[in-house]
>>> print(open('start10.csv').read())   # CSV, C-alpha atoms
chain,number,residue,atom,x,y,z
J,1,MET,CA,20.3,-100.9,13.7
J,2,SER,CA,16.6,-101.5,14.2
J,3,GLU,CA,13.8,-99.7,12.2
J,4,LYS,CA,12.7,-97.9,15.5
J,5,GLU,CA,16.1,-96.5,16.0
J,6,LYS,CA,16.2,-95.4,12.3
J,7,SER,CA,12.8,-93.7,12.6
J,8,ASN,CA,14.0,-92.0,15.8
J,9,LYS,CA,17.2,-90.9,14.1
J,10,PHE,CA,15.2,-89.4,11.2
J,11,SER,CA,12.7,-87.8,13.5
J,12,VAL,CA,15.5,-86.1,15.4
J,13,ASP,CA,17.4,-85.0,12.2
J,14,LYS,CA,14.4,-83.9,10.2
J,15,PRO,CA,13.5,-80.7,12.2
J,16,PHE,CA,17.1,-79.5,12.5
J,17,GLY,CA,18.4,-80.5,9.1
J,18,LYS,CA,16.0,-78.3,7.1
J,19,ILE,CA,15.4,-75.4,9.6
J,20,TRP,CA,15.3,-72.8,6.8
J,21,LYS,CA,12.1,-74.5,5.4
J,22,LYS,CA,10.2,-73.9,8.6
J,23,TRP,CA,7.8,-70.9,8.8
J,24,TRP,CA,8.8,-69.9,12.3
J,25,PHE,CA,12.4,-69.6,11.2
J,26,TRP,CA,11.5,-67.0,8.6
J,27,ALA,CA,9.2,-65.3,11.0
J,28,LEU,CA,12.1,-65.0,13.4
J,29,VAL,CA,14.4,-63.7,10.6
J,30,VAL,CA,11.8,-61.1,9.6
J,31,ALA,CA,11.4,-60.0,13.3
J,32,VAL,CA,15.1,-59.6,13.7
J,33,LEU,CA,15.3,-57.5,10.5
J,34,ILE,CA,12.4,-55.3,11.6
J,35,GLY,CA,14.0,-54.9,15.0
J,36,GLY,CA,17.2,-53.9,13.3
J,37,VAL,CA,15.5,-51.4,11.1
J,38,ILE,CA,13.6,-49.8,14.0
J,39,GLU,CA,16.8,-49.7,16.1
J,40,PHE,CA,18.7,-48.1,13.2
J,41,THR,CA,16.1,-45.4,12.7
J,42,GLU,CA,15.4,-44.6,16.3
J,43,PRO,CA,18.8,-43.1,17.1
J,44,GLU,CA,18.1,-40.4,14.5
J,45,THR,CA,15.1,-39.2,16.4
J,46,GLU,CA,16.7,-39.7,19.8
J,47,GLU,CA,20.0,-37.9,19.0
J,48,PRO,CA,18.3,-34.4,18.7
J,49,ALA,CA,16.5,-35.1,22.0
J,50,THR,CA,19.8,-35.8,23.7
J,51,ALA,CA,21.4,-32.9,22.0
J,52,ILE,CA,18.7,-30.6,23.4
J,53,VAL,CA,18.9,-32.1,26.9
J,54,GLU,CA,22.7,-31.6,27.1
J,55,PRO,CA,22.7,-27.8,26.4
J,56,THR,CA,19.8,-27.2,28.9
J,57,THR,CA,21.9,-28.7,31.6
J,58,GLU,CA,25.0,-26.6,30.7
J,59,PRO,CA,23.3,-23.2,31.0
J,60,THR,CA,22.0,-24.0,34.5
J,61,VAL,CA,25.6,-24.4,35.6
J,62,THR,CA,26.6,-21.1,33.9
J,63,LYS,CA,23.5,-19.0,34.5
J,64,GLU,CA,25.4,-16.2,36.1
J,65,PRO,CA,27.6,-15.3,33.1
J,66,GLU,CA,24.6,-15.4,30.8
J,67,THR,CA,22.7,-12.9,33.0
J,68,GLU,CA,25.7,-10.7,33.0
J,69,LYS,CA,25.8,-10.9,29.2
J,70,ASN,CA,22.1,-10.0,29.0
J,71,GLU,CA,22.7,-7.0,31.2
J,72,GLN,CA,25.5,-5.9,29.0
J,73,THR,CA,23.4,-6.1,25.9
J,74,GLU,CA,20.6,-4.3,27.6
J,75,GLU,CA,22.8,-1.3,28.4
J,76,PRO,CA,23.5,-0.5,24.7
J,77,THR,CA,19.8,-0.8,23.8
J,78,THR,CA,19.0,1.9,26.4
J,79,ALA,CA,21.9,4.0,25.0
J,80,ALA,CA,20.6,3.4,21.5
J,81,GLU,CA,17.1,4.7,22.3
J,82,PRO,CA,17.9,8.2,21.1
J,83,THR,CA,18.4,6.7,17.6
J,84,THR,CA,14.8,5.5,17.7
J,85,GLU,CA,13.4,8.9,18.6
J,86,PRO,CA,13.1,10.1,15.0
J,87,GLN,CA,9.8,8.8,13.8
J,88,GLU,CA,9.7,6.2,11.0
J,89,HIS,CA,9.0,7.5,7.6
J,90,ILE,CA,5.3,8.1,6.8
J,91,TYR,CA,5.6,6.1,3.6
J,92,ASP,CA,6.8,3.0,5.5
J,93,ASN,CA,3.1,2.0,5.9
J,94,ALA,CA,1.9,3.1,2.5
J,95,ILE,CA,-1.0,1.3,0.8
J,96,ILE,CA,-0.6,0.7,-2.9
J,97,LYS,CA,-3.8,0.5,-5.0
J,98,ASP,CA,-4.4,-0.3,-8.6
J,99,VAL,CA,-5.5,2.3,-11.2
J,100,MET,CA,-8.0,0.7,-13.4
J,101,ASN,CA,-9.3,1.7,-16.9
J,102,GLY,CA,-12.8,3.1,-17.3
J,103,PHE,CA,-14.3,-0.4,-17.6
J,104,ARG,CA,-12.3,-1.7,-14.7
J,105,SER,CA,-11.1,-4.5,-16.9
J,106,GLU,CA,-7.4,-3.7,-17.0
J,107,LYS,CA,-4.8,-2.3,-14.6
J,108,ILE,CA,-3.2,0.8,-16.0
J,109,GLY,CA,-1.1,1.9,-13.1
J,110,GLU,CA,-0.8,2.3,-9.3
J,111,TYR,CA,-1.2,5.0,-6.7
J,112,SER,CA,-0.1,5.2,-3.1
J,113,ILE,CA,-2.1,6.2,0.0
J,114,ILE,CA,-0.7,7.2,3.3
J,115,GLU,CA,-3.1,7.8,6.2
J,116,ILE,CA,-2.0,10.2,9.0
J,117,LYS,CA,-3.3,13.1,11.0
J,118,SER,CA,-3.2,16.5,9.3
J,119,ASP,CA,-1.1,18.1,12.1
J,120,GLN,CA,1.7,15.5,11.4
J,121,VAL,CA,2.2,16.7,7.9
J,122,THR,CA,5.0,19.3,8.4
J,123,GLU,CA,7.2,20.7,5.7
J,124,GLU,CA,10.0,18.4,6.9
J,125,ILE,CA,7.7,15.4,6.4
J,126,LEU,CA,6.6,16.6,3.0
J,127,VAL,CA,10.2,17.1,1.8
J,128,ASP,CA,11.1,13.6,3.0
J,129,TRP,CA,8.0,12.1,1.4
J,130,TYR,CA,8.3,13.8,-1.9
J,131,PHE,CA,12.1,13.4,-2.5
J,132,ASN,CA,12.5,9.9,-1.0
J,133,TYR,CA,9.2,8.3,-2.0
J,134,VAL,CA,7.2,10.2,-4.6
J,135,GLU,CA,10.1,10.9,-7.0
J,136,LYS,CA,11.7,7.5,-6.5
J,137,ASN,CA,8.6,5.4,-7.3
J,138,ASP,CA,6.7,5.1,-10.5
J,139,PHE,CA,3.2,5.8,-9.2
J,140,ASN,CA,0.5,7.6,-11.2
J,141,TRP,CA,0.1,9.7,-8.1
J,142,CYS,CA,0.7,9.7,-4.4
J,143,MET,CA,-1.6,10.9,-1.7
J,144,ILE,CA,-1.6,11.5,2.0
J,145,LEU,CA,-5.1,11.1,3.4
J,146,TYR,CA,-5.8,13.0,6.6
J,147,THR,CA,-7.4,10.7,9.3
J,148,ASP,CA,-8.9,13.7,11.1
J,149,LYS,CA,-10.5,15.4,8.1
J,150,GLU,CA,-12.9,13.7,5.7
J,151,ASN,CA,-11.5,13.0,2.2
J,152,GLU,CA,-8.9,15.7,2.6
J,153,GLY,CA,-5.1,15.5,2.3
J,154,VAL,CA,-2.0,16.0,0.1
J,155,TYR,CA,-1.8,15.1,-3.6
J,156,ALA,CA,1.5,14.7,-5.4
J,157,ILE,CA,2.8,13.8,-8.8
J,158,THR,CA,6.3,14.4,-10.2
J,159,GLY,CA,7.0,18.1,-10.1
J,160,ILE,CA,4.1,19.3,-7.9
J,161,ILE,CA,2.6,18.9,-4.5
J,162,ASN,CA,-0.9,20.1,-3.5
J,163,LYS,CA,-1.5,20.2,0.2
J,164,ASP,CA,-5.0,20.5,1.9
J,165,VAL,CA,-6.9,19.4,-1.2
J,166,LYS,CA,-10.2,17.5,-1.3
J,167,PHE,CA,-10.4,14.0,-2.8
J,168,ASN,CA,-13.2,12.3,-4.6
J,169,ILE,CA,-14.0,8.7,-3.8
J,170,ASP,CA,-15.9,6.4,-6.2
J,171,GLU,CA,-18.1,3.4,-5.5
J,172,TYR,CA,-15.1,1.1,-5.6
J,173,GLY,CA,-13.2,3.0,-2.9
J,174,ASP,CA,-10.7,4.6,-5.3
J,175,TYR,CA,-9.6,8.1,-4.8
J,176,SER,CA,-9.0,10.9,-7.3
J,177,LEU,CA,-8.1,14.6,-7.0
J,178,GLY,CA,-11.1,16.8,-6.2
J,179,ASP,CA,-11.3,20.5,-5.3
J,180,SER,CA,-7.9,22.1,-4.8
J,181,THR,CA,-8.8,25.8,-4.8
J,182,ASN,CA,-8.1,26.2,-1.1
J,183,GLY,CA,-4.9,24.1,-1.2
J,184,ILE,CA,-1.3,25.1,-0.9
J,185,THR,CA,0.9,24.2,-3.9
J,186,TYR,CA,4.6,23.4,-3.6
J,187,ILE,CA,7.2,23.1,-6.4
J,188,PRO,CA,10.4,21.0,-5.8
J,189,ASP,CA,13.7,22.6,-6.7
J,190,SER,CA,17.2,21.3,-7.4
J,191,GLU,CA,18.3,21.8,-3.8
J,192,ASN,CA,15.8,19.2,-2.5
J,193,THR,CA,13.5,21.7,-1.0
J,194,LEU,CA,9.9,22.6,-1.7
J,195,LYS,CA,8.9,26.2,-2.6
J,196,GLU,CA,5.4,27.4,-2.0
J,197,MET,CA,3.7,28.9,-5.1
J,198,GLN,CA,2.0,32.2,-4.4
>>> encode(input="start10.csv", output="structure tokens")
Amino acid sequence: MSEKEKSNKFSVDKPFGKIWKKWWFWALVVAVLIGGVIEFTEPETEEPATAIVEPTTEPTVTKEPETEKNEQTEEPTTAAEPTTEPQEHIYDNAIIKDVMNGFRSEKIGEYSIIEIKSDQVTEEILVDWYFNYVEKNDFNWCMILYTDKENEGVYAITGIINKDVKFNIDEYGDYSLGDSTNGITYIPDSENTLKEMQ
């Protein structure tokens, strides 16, 4: 064999014999690996999209039964409207404020404020408010502030309710009991009723 043939033989064998030593081989391997990782992670994001697409096509086929179901559920809500007629409790929207010491450096308790019109405060409302809210919570005091009368309302602590009393308000916006000479005083009894004191 001539030297030329030998050199041709080596020149042909050299690139294919040590392919793993070539930079483009490793670049190809890395590209395949990256492609595999991307392909592996993409189905996770695509699966919810296909899951969302499938249900949207099904309801279009069965729209009529769904509308019938909606109509059936609407009927009980119209029938259930009488249960919503009784008003919500006045204390559902109560505002809780901190009672601070004289230096306003320490919280020493809490009090509750409810804001409603004076004509909404009926004896029924007072009974519900006192027995289901005032007695069941550990506030220093509870008050109903009339929205149609300035700094006037109802003041209650355990054992006594003063209606149509005046409130004092300080520079911090905190309320305290003021003049109660023209107010009506109620005492709760064991039968869950309020008795007016004469």
>>> residues_around(input="start10.csv", residues="Ile116 in chain J", least_positions_apart="6", cutoff="7 Å", atoms="all atoms listed in the file", output="PDB file with C-alpha atoms, keeping the file's coordinate frame")
ATOM      1  CA  LEU J 145      -5.100  11.100   3.400  1.00  0.00           C
ATOM      2  CA  TYR J 146      -5.800  13.000   6.600  1.00  0.00           C
ATOM      3  CA  THR J 147      -7.400  10.700   9.300  1.00  0.00           C
TER       4      THR J 147
END
>>> residues_near_point(input="start10.csv", point="(4.8, 14.3, 7.4)", cutoff="10 Å", atoms="only C-alpha atoms", output="list in words")
Gln87, His89, Ile90, Tyr91, Ile114, Ile116, Lys117, Ser118, Asp119, Gln120, Val121, Thr122, Glu123, Glu124, Ile125, Leu126, Val127, Asp128, Trp129, Tyr130 and Ile144 of chain J
>>> closest_residue(input="start10.csv", among="J:Asn93, J:Asn137, J:Asn151, J:Thr158", to="Asp189 in chain J", atoms="all atoms listed in the file")
J:Thr158
>>> residues_around(input="start10.csv", residues="Glu152 in chain J", least_positions_apart="2", cutoff="8 Å", atoms="all atoms listed in the file", output="PDB file with C-alpha atoms, keeping the file's coordinate frame")
ATOM      1  CA  LEU J 145      -5.100  11.100   3.400  1.00  0.00           C
ATOM      2  CA  TYR J 146      -5.800  13.000   6.600  1.00  0.00           C
ATOM      3  CA  LYS J 149     -10.500  15.400   8.100  1.00  0.00           C
ATOM      4  CA  GLU J 150     -12.900  13.700   5.700  1.00  0.00           C
ATOM      5  CA  VAL J 154      -2.000  16.000   0.100  1.00  0.00           C
ATOM      6  CA  ASP J 164      -5.000  20.500   1.900  1.00  0.00           C
ATOM      7  CA  VAL J 165      -6.900  19.400  -1.200  1.00  0.00           C
ATOM      8  CA  LYS J 166     -10.200  17.500  -1.300  1.00  0.00           C
ATOM      9  CA  PHE J 167     -10.400  14.000  -2.800  1.00  0.00           C
TER      10      PHE J 167
END
>>> atom_distance(input="start10.csv", atom1="CA of Asn168 in chain J", atom2="CA of Gly102 in chain J")
15.7 Å
>>> residues_around(input="start10.csv", residues="Asn162 in chain J", least_positions_apart="6", cutoff="10 Å", atoms="only C-alpha atoms", output="NGL selection string")
:J and (143 or 153-156 or 177 or 180-187 or 196)
>>> write_last_selection(input="start10.csv", atoms="C-alpha atoms", output="short mmCIF file (atom, residue, chain, number, x, y, z; two decimals), in the frame of the given file")
data_model
loop_
_atom_site.label_atom_id
_atom_site.label_comp_id
_atom_site.auth_asym_id
_atom_site.auth_seq_id
_atom_site.Cartn_x
_atom_site.Cartn_y
_atom_site.Cartn_z
CA MET J 143 -1.60 10.90 -1.70
CA GLY J 153 -5.10 15.50 2.30
CA VAL J 154 -2.00 16.00 0.10
CA TYR J 155 -1.80 15.10 -3.60
CA ALA J 156 1.50 14.70 -5.40
CA LEU J 177 -8.10 14.60 -7.00
CA SER J 180 -7.90 22.10 -4.80
CA THR J 181 -8.80 25.80 -4.80
CA ASN J 182 -8.10 26.20 -1.10
CA GLY J 183 -4.90 24.10 -1.20
CA ILE J 184 -1.30 25.10 -0.90
CA THR J 185 0.90 24.20 -3.90
CA TYR J 186 4.60 23.40 -3.60
CA ILE J 187 7.20 23.10 -6.40
CA GLU J 196 5.40 27.40 -2.00
#
>>> atom_distance(input="start10.csv", atom1="CA of Glu106 in chain J", atom2="CA of Phe139 in chain J")
16.2 Å
>>> atom_distance(input="start10.csv", atom1="CA of Tyr133 in chain J", atom2="CA of Ser105 in chain J")
28.2 Å
>>> closest_residue(input="start10.csv", among="J:Lys97, J:Ile169, J:Phe103, J:Asn192", to="Glu135 in chain J", atoms="all atoms listed in the file")
J:Asn192
>>> closest_residue(input="start10.csv", among="J:Arg104, J:Glu115, J:Glu171, J:Ile96", to="Asn140 in chain J", atoms="only C-alpha atoms")
J:Ile96
>>> build_atoms(input="start10.csv", residues="range 112-123 of chain J", atoms="all heavy atoms", output="CSV table (one decimal), in the coordinates of the input")
chain,number,residue,atom,x,y,z
J,112,SER,N,-0.5,5.5,-4.5
J,112,SER,CA,-0.1,5.2,-3.1
J,112,SER,C,-0.9,6.1,-2.2
J,112,SER,O,-1.1,7.3,-2.4
J,112,SER,CB,1.4,5.6,-3.0
J,112,SER,OG,1.7,5.6,-1.6
J,113,ILE,N,-1.4,5.5,-1.1
J,113,ILE,CA,-2.1,6.2,0.0
J,113,ILE,C,-1.4,6.0,1.3
J,113,ILE,O,-1.0,4.9,1.7
J,113,ILE,CB,-3.6,5.6,0.1
J,113,ILE,CG1,-4.3,5.7,-1.2
J,113,ILE,CG2,-4.3,6.4,1.2
J,113,ILE,CD1,-5.7,5.0,-1.1
J,114,ILE,N,-1.2,7.2,2.0
J,114,ILE,CA,-0.7,7.2,3.3
J,114,ILE,C,-1.7,7.8,4.2
J,114,ILE,O,-2.2,8.9,3.9
J,114,ILE,CB,0.6,7.9,3.4
J,114,ILE,CG1,1.7,7.2,2.5
J,114,ILE,CG2,1.1,8.0,4.8
J,114,ILE,CD1,2.9,8.0,2.2
J,115,GLU,N,-2.1,7.2,5.3
J,115,GLU,CA,-3.1,7.8,6.2
J,115,GLU,C,-2.4,8.3,7.5
J,115,GLU,O,-1.9,7.4,8.3
J,115,GLU,CB,-4.2,6.8,6.5
J,115,GLU,CG,-4.9,6.4,5.3
J,115,GLU,CD,-6.0,5.3,5.6
J,115,GLU,OE1,-6.2,4.9,6.7
J,115,GLU,OE2,-6.8,5.0,4.6
J,116,ILE,N,-2.5,9.6,7.8
J,116,ILE,CA,-2.0,10.2,9.0
J,116,ILE,C,-2.8,11.4,9.4
J,116,ILE,O,-3.6,11.9,8.6
J,116,ILE,CB,-0.5,10.5,9.0
J,116,ILE,CG1,-0.2,11.6,7.9
J,116,ILE,CG2,0.4,9.3,8.8
J,116,ILE,CD1,1.2,12.1,7.9
J,117,LYS,N,-2.6,11.9,10.6
J,117,LYS,CA,-3.3,13.1,11.0
J,117,LYS,C,-2.8,14.4,10.3
J,117,LYS,O,-1.6,14.4,9.9
J,117,LYS,CB,-3.2,13.3,12.5
J,117,LYS,CG,-4.0,12.3,13.3
J,117,LYS,CD,-3.7,12.5,14.8
J,117,LYS,CE,-5.0,12.9,15.5
J,117,LYS,NZ,-4.8,13.2,16.9
J,118,SER,N,-3.6,15.3,10.1
J,118,SER,CA,-3.2,16.5,9.3
J,118,SER,C,-2.1,17.3,10.0
J,118,SER,O,-1.2,17.9,9.4
J,118,SER,CB,-4.4,17.4,9.1
J,118,SER,OG,-5.0,17.8,10.3
J,119,ASP,N,-2.1,17.3,11.4
J,119,ASP,CA,-1.1,18.1,12.1
J,119,ASP,C,0.3,17.4,12.0
J,119,ASP,O,1.3,18.0,12.4
J,119,ASP,CB,-1.5,18.4,13.5
J,119,ASP,CG,-1.7,17.1,14.3
J,119,ASP,OD1,-1.6,16.0,13.8
J,119,ASP,OD2,-2.0,17.3,15.5
J,120,GLN,N,0.4,16.2,11.6
J,120,GLN,CA,1.7,15.5,11.4
J,120,GLN,C,2.4,15.8,10.1
J,120,GLN,O,3.5,15.5,9.9
J,120,GLN,CB,1.5,14.0,11.6
J,120,GLN,CG,1.1,13.5,12.9
J,120,GLN,CD,0.9,12.0,13.0
J,120,GLN,OE1,0.2,11.5,12.1
J,120,GLN,NE2,1.4,11.4,14.0
J,121,VAL,N,1.6,16.4,9.2
J,121,VAL,CA,2.2,16.7,7.9
J,121,VAL,C,2.9,18.1,7.9
J,121,VAL,O,2.3,19.1,7.6
J,121,VAL,CB,1.1,16.7,6.8
J,121,VAL,CG1,1.7,16.9,5.4
J,121,VAL,CG2,0.4,15.4,6.8
J,122,THR,N,4.2,18.0,8.4
J,122,THR,CA,5.0,19.3,8.4
J,122,THR,C,5.7,19.4,7.1
J,122,THR,O,5.8,18.5,6.3
J,122,THR,CB,6.0,19.1,9.6
J,122,THR,OG1,6.8,18.0,9.3
J,122,THR,CG2,5.3,19.0,10.9
J,123,GLU,N,6.4,20.5,6.9
J,123,GLU,CA,7.2,20.7,5.7
J,123,GLU,C,8.3,19.7,5.7
J,123,GLU,O,8.7,19.2,4.6
J,123,GLU,CB,7.8,22.2,5.7
J,123,GLU,CG,6.7,23.2,5.3
J,123,GLU,CD,7.3,24.6,5.0
J,123,GLU,OE1,8.4,24.7,4.6
J,123,GLU,OE2,6.6,25.5,5.3
